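Inspection log for the structure reproduced underneath, given as structure tokens.
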Amino acid sequence: MKKFSETNIGRIGRFLKNTPNKSYTVKDISINLKINPKSVSSSLSRLKAGRNKTGMINGRKRILKTKSGKNRKTAYEGFKIGTVRNTSKGRWEFFTKTKFKLWKVDFKLIETNSKNKKKNRWDESGNMDLSGHATGLVPSSVEKSRVVGIAAAELFRKGLDIMQGEGVSLWNAVAEDDSKTVYLGGQMINENPLDKKYDSRWDGKINFVNNIGSSYSYNVNFEIEENEYD
Amino acid sequence: MIDVDRKVESIGIDIDGFDKPFLNKVQHNAAEYGNIQTTRSKNGHHIKIDLFVPTTLKNSLWIRFYLNDDPLRILFDAMRIISDNDNIDVLWDEKQKKSINGIITQS
């Protein structure tokens with residue numbers, strides 16, 4: 001019986017599927033799998049759009065057409081149409097929805113160097129400034145308000161701890177739930193991070209300007225367990 | 001000092017400049033060690049190699065040297081190993097020449 005070797009489409013599809021959401025150039029795939037770049041390019045296009053669907057028409061095998069006259073397509077097994085896609089010019093990936101998203105949260109004590117010091121100042125000197133940001137993973141289903149309420153608030157508390165360690169005590173001067181003195185925010189920055197597992201660690205920076213205008217920057221990290229968002 | 005016999009599973013190569021034949025040569029050589037993933041950088045290309053066989057941290061520096069990785073970056077990482085800084089590969093980080101002085105002073 002004749003043995004069939006695996007097709008280029010199968011090899012390329014398997015290669016991309018083994019590393020989901022990781023994009024490769026045609027040349028990368030060509031070098032990694034030792035396949036001619038032209039074949040790689042053509043195989044990727046086929047995996048992306050599917051193959052023509054054929055059927056018997058008037059006793060002959062013909063490519064089936066849609067109502068608008070385009071060829072009907074059928075996906076290759078395991079590669080639903082749209083899962084293999086080109087992310088940017090010349091880069092291809094196997095797309096899968098991830099369970100986590102990458103978020104960036106930030107906080108800022110409301111401007112203290114504005115003219116209206118009575119309203120805005122949080123310190124007697126009136127011109128200090130404290131802000132911070134951090135990035136970390138959040139389960140996909142969690143809403144923005146919850147991310148801000150948990151992660152940004154934790155960042156803010158860590159920021160105050162760091163300042164306490166540096167000799168600037170603010171714990172009694174500000175409250176995280178007072179939106180007049182503290183701004184807490186957050187935004188999703190990557191819908192499909194490469195992380196396969198949840199990582200509780202958040203990393204970021206705290207920026208502080210003292211009363212004579214000198215700037216200081218401190219690294220900050222903290223942990224938020226997955227179940228804290230429940 | 002960081003354990004130089006610890007295993008690493010991927011290596012990053014930084015290629016400065018846009019010399020296509022040179023890039024091609026490095027890509028083909030790199031593919032002998034693992035699956036490569038090339039991305040454009042500001043000054044050239046980055047190649048990430050997911051190794052077929054994990055190697056030691058010490059060997060990874062030699063492989064990078066053989067694959068013509070930016071010598072400054074190799075030096076930078078060697079300094080990080082000596083100074084016990086665990087964040088080894090600086091491929092995706094910002095490289096600043098002045099930072100090396102800081103690391104030398106620390107160690």
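Labels for the structure tokens follow display order: chains A, B, ..., residues from 1 in each chain, ligands from 1.
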* To do: For B:Arg40, list every protein, DNA or RNA residue within 12 Å, evaluated using only C-alpha atoms, and leave out those in the same chain fewer than 3 positions away; present the list as a list in words.
  =>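 Neighbouring residues, sequence-local ones excluded: Tyr24, Thr25, Ser88, Lys89, Gly90 and Arg91 of chain A; Ile13, Asp14, Ile15, Asp16, Gly17, Phe18, Leu23, Gln37, Asn43, Gly44, His45, His46, Ile47, Lys48 and Trp92 of chain B.
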Generate a file of the selected residues that holds N, CA, C and O atoms, formatted as a PDB file, in the first residue's frame.
```pdb
ATOM      1  N   TYR A  24       4.749  34.372  13.324  1.00  0.00           N
ATOM      2  CA  TYR A  24       5.994  34.056  12.615  1.00  0.00           C
ATOM      3  C   TYR A  24       5.944  34.682  11.228  1.00  0.00           C
ATOM      4  O   TYR A  24       4.872  34.822  10.635  1.00  0.00           O
ATOM      5  N   THR A  25       7.133  34.990  10.704  1.00  0.00           N
ATOM      6  CA  THR A  25       7.191  35.448   9.313  1.00  0.00           C
ATOM      7  C   THR A  25       7.187  34.204   8.412  1.00  0.00           C
ATOM      8  O   THR A  25       7.479  33.089   8.876  1.00  0.00           O
ATOM      9  N   SER A  88       0.170  41.201  11.011  1.00  0.00           N
ATOM     10  CA  SER A  88       0.647  42.410  10.357  1.00  0.00           C
ATOM     11  C   SER A  88       1.369  41.933   9.105  1.00  0.00           C
ATOM     12  O   SER A  88       1.466  40.732   8.876  1.00  0.00           O
ATOM     13  N   LYS A  89       1.891  42.852   8.326  1.00  0.00           N
ATOM     14  CA  LYS A  89       2.458  42.474   7.036  1.00  0.00           C
ATOM     15  C   LYS A  89       3.503  41.354   7.184  1.00  0.00           C
ATOM     16  O   LYS A  89       4.524  41.529   7.860  1.00  0.00           O
ATOM     17  N   GLY A  90       3.213  40.228   6.577  1.00  0.00           N
ATOM     18  CA  GLY A  90       4.190  39.142   6.572  1.00  0.00           C
ATOM     19  C   GLY A  90       4.245  38.289   7.817  1.00  0.00           C
ATOM     20  O   GLY A  90       5.060  37.393   7.911  1.00  0.00           O
ATOM     21  N   ARG A  91       3.396  38.541   8.814  1.00  0.00           N
ATOM     22  CA  ARG A  91       3.441  37.742  10.049  1.00  0.00           C
ATOM     23  C   ARG A  91       2.151  36.936  10.186  1.00  0.00           C
ATOM     24  O   ARG A  91       1.063  37.463   9.999  1.00  0.00           O
TER      25      ARG A  91
ATOM     26  N   ILE B  13      18.716  36.703  20.009  1.00  0.00           N
ATOM     27  CA  ILE B  13      19.847  37.277  19.267  1.00  0.00           C
ATOM     28  C   ILE B  13      19.428  38.653  18.765  1.00  0.00           C
ATOM     29  O   ILE B  13      18.336  38.811  18.228  1.00  0.00           O
ATOM     30  N   ASP B  14      20.304  39.618  18.929  1.00  0.00           N
ATOM     31  CA  ASP B  14      20.022  40.976  18.459  1.00  0.00           C
ATOM     32  C   ASP B  14      20.921  41.268  17.262  1.00  0.00           C
ATOM     33  O   ASP B  14      22.142  41.225  17.380  1.00  0.00           O
ATOM     34  N   ILE B  15      20.308  41.499  16.116  1.00  0.00           N
ATOM     35  CA  ILE B  15      21.090  41.795  14.915  1.00  0.00           C
ATOM     36  C   ILE B  15      20.887  43.266  14.571  1.00  0.00           C
ATOM     37  O   ILE B  15      19.778  43.677  14.209  1.00  0.00           O
ATOM     38  N   ASP B  16      21.937  44.040  14.686  1.00  0.00           N
ATOM     39  CA  ASP B  16      21.828  45.462  14.334  1.00  0.00           C
ATOM     40  C   ASP B  16      22.140  45.634  12.854  1.00  0.00           C
ATOM     41  O   ASP B  16      23.008  44.956  12.315  1.00  0.00           O
ATOM     42  N   GLY B  17      21.430  46.532  12.208  1.00  0.00           N
ATOM     43  CA  GLY B  17      21.647  46.766  10.772  1.00  0.00           C
ATOM     44  C   GLY B  17      20.664  45.959   9.936  1.00  0.00           C
ATOM     45  O   GLY B  17      19.979  45.067  10.448  1.00  0.00           O
ATOM     46  N   PHE B  18      20.605  46.291   8.650  1.00  0.00           N
ATOM     47  CA  PHE B  18      19.625  45.646   7.769  1.00  0.00           C
ATOM     48  C   PHE B  18      20.294  44.883   6.622  1.00  0.00           C
ATOM     49  O   PHE B  18      19.818  44.899   5.494  1.00  0.00           O
ATOM     50  N   LEU B  23      21.647  38.579   7.827  1.00  0.00           N
ATOM     51  CA  LEU B  23      20.484  38.141   8.591  1.00  0.00           C
ATOM     52  C   LEU B  23      20.101  36.713   8.197  1.00  0.00           C
ATOM     53  O   LEU B  23      19.833  35.858   9.052  1.00  0.00           O
ATOM     54  N   GLN B  37      12.021  32.767  15.718  1.00  0.00           N
ATOM     55  CA  GLN B  37      10.932  33.733  15.540  1.00  0.00           C
ATOM     56  C   GLN B  37      11.597  35.096  15.369  1.00  0.00           C
ATOM     57  O   GLN B  37      12.264  35.586  16.286  1.00  0.00           O
ATOM     58  N   ASN B  43      16.629  49.101  15.221  1.00  0.00           N
ATOM     59  CA  ASN B  43      17.887  49.183  14.452  1.00  0.00           C
ATOM     60  C   ASN B  43      18.185  47.936  13.641  1.00  0.00           C
ATOM     61  O   ASN B  43      19.283  47.793  13.107  1.00  0.00           O
ATOM     62  N   GLY B  44      17.303  46.985  13.594  1.00  0.00           N
ATOM     63  CA  GLY B  44      17.592  45.752  12.865  1.00  0.00           C
ATOM     64  C   GLY B  44      16.549  44.686  13.134  1.00  0.00           C
ATOM     65  O   GLY B  44      15.364  44.919  12.913  1.00  0.00           O
ATOM     66  N   HIS B  45      17.011  43.537  13.639  1.00  0.00           N
ATOM     67  CA  HIS B  45      16.084  42.429  13.903  1.00  0.00           C
ATOM     68  C   HIS B  45      16.412  41.764  15.225  1.00  0.00           C
ATOM     69  O   HIS B  45      17.563  41.767  15.662  1.00  0.00           O
ATOM     70  N   HIS B  46      15.378  41.178  15.830  1.00  0.00           N
ATOM     71  CA  HIS B  46      15.560  40.297  16.980  1.00  0.00           C
ATOM     72  C   HIS B  46      15.180  38.893  16.537  1.00  0.00           C
ATOM     73  O   HIS B  46      14.179  38.719  15.847  1.00  0.00           O
ATOM     74  N   ILE B  47      15.984  37.914  16.931  1.00  0.00           N
ATOM     75  CA  ILE B  47      15.623  36.523  16.637  1.00  0.00           C
ATOM     76  C   ILE B  47      15.508  35.783  17.960  1.00  0.00           C
ATOM     77  O   ILE B  47      16.466  35.754  18.734  1.00  0.00           O
ATOM     78  N   LYS B  48      14.334  35.220  18.214  1.00  0.00           N
ATOM     79  CA  LYS B  48      14.164  34.412  19.421  1.00  0.00           C
ATOM     80  C   LYS B  48      14.247  32.952  19.022  1.00  0.00           C
ATOM     81  O   LYS B  48      13.558  32.535  18.080  1.00  0.00           O
ATOM     82  N   TRP B  92      14.664  42.112  24.905  1.00  0.00           N
ATOM     83  CA  TRP B  92      13.467  42.931  24.751  1.00  0.00           C
ATOM     84  C   TRP B  92      13.508  44.173  25.627  1.00  0.00           C
ATOM     85  O   TRP B  92      12.589  44.950  25.658  1.00  0.00           O
TER      86      TRP B  92
END
```
* To do: For chain A, list the residues within 12 Å of chain B, counting only C-alpha atoms, and write the list as a ChimeraX atom specification.
  => /A:15-16,18-19,22-34,88-93
* To do: Identify, with DSSP run on backbone atoms, the residues in chain A assigned to strand (DSSP E), and express the list as a VMD selection string.
  => chain A and resid 24 to 25 51 to 52 54 to 57 60 to 63 73 to 74 84 to 88 91 to 94 100 to 109 129 to 139 182 to 190 201 to 209 215 to 223
* Asked: Which polymer residues have any atom within 8 Å of an atom of A:Asn52, counting only C-alpha atoms, with same-chain residues fewer than 3 positions away left out, as a list in words?
  ->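 The contact residues come out as Ile63, Leu64, Asn71, Arg72, Lys73 and Thr74 of chain A.
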Selection export as a compact mmCIF listing (two decimals), in the first residue's frame, atoms kept: C-alpha atoms:
```txt
# COMPACT_ATOMS: atom_id res chain seq x y z
CA ILE A 63 -16.47 23.84 -7.51
CA LEU A 64 -19.61 24.93 -5.67
CA ASN A 71 -16.33 29.89 -4.55
CA ARG A 72 -17.77 28.16 -1.51
CA LYS A 73 -15.04 27.41 1.02
CA THR A 74 -14.63 24.69 3.57
```
* Looking at only C-alpha atoms, which of A:Arg14, A:Ser217, A:Asn21, A:Ile57 is the one that sits closest to A:Glu166? ->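 Selected residue with least distance to A:Glu166: A:Ser217.
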* Asked: atom CA of B:Thr56 and atom CA of B:Asp77 are how many Å apart?
  ->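 Atom CA of B:Asp77 lies at a distance of 14.1 Å from atom CA of B:Thr56.
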* To do: Work out how far atom CA of A:Leu160 is from atom CA of A:Val174, in Å to one decimal.
  =>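 A separation of 9.5 Å between them.
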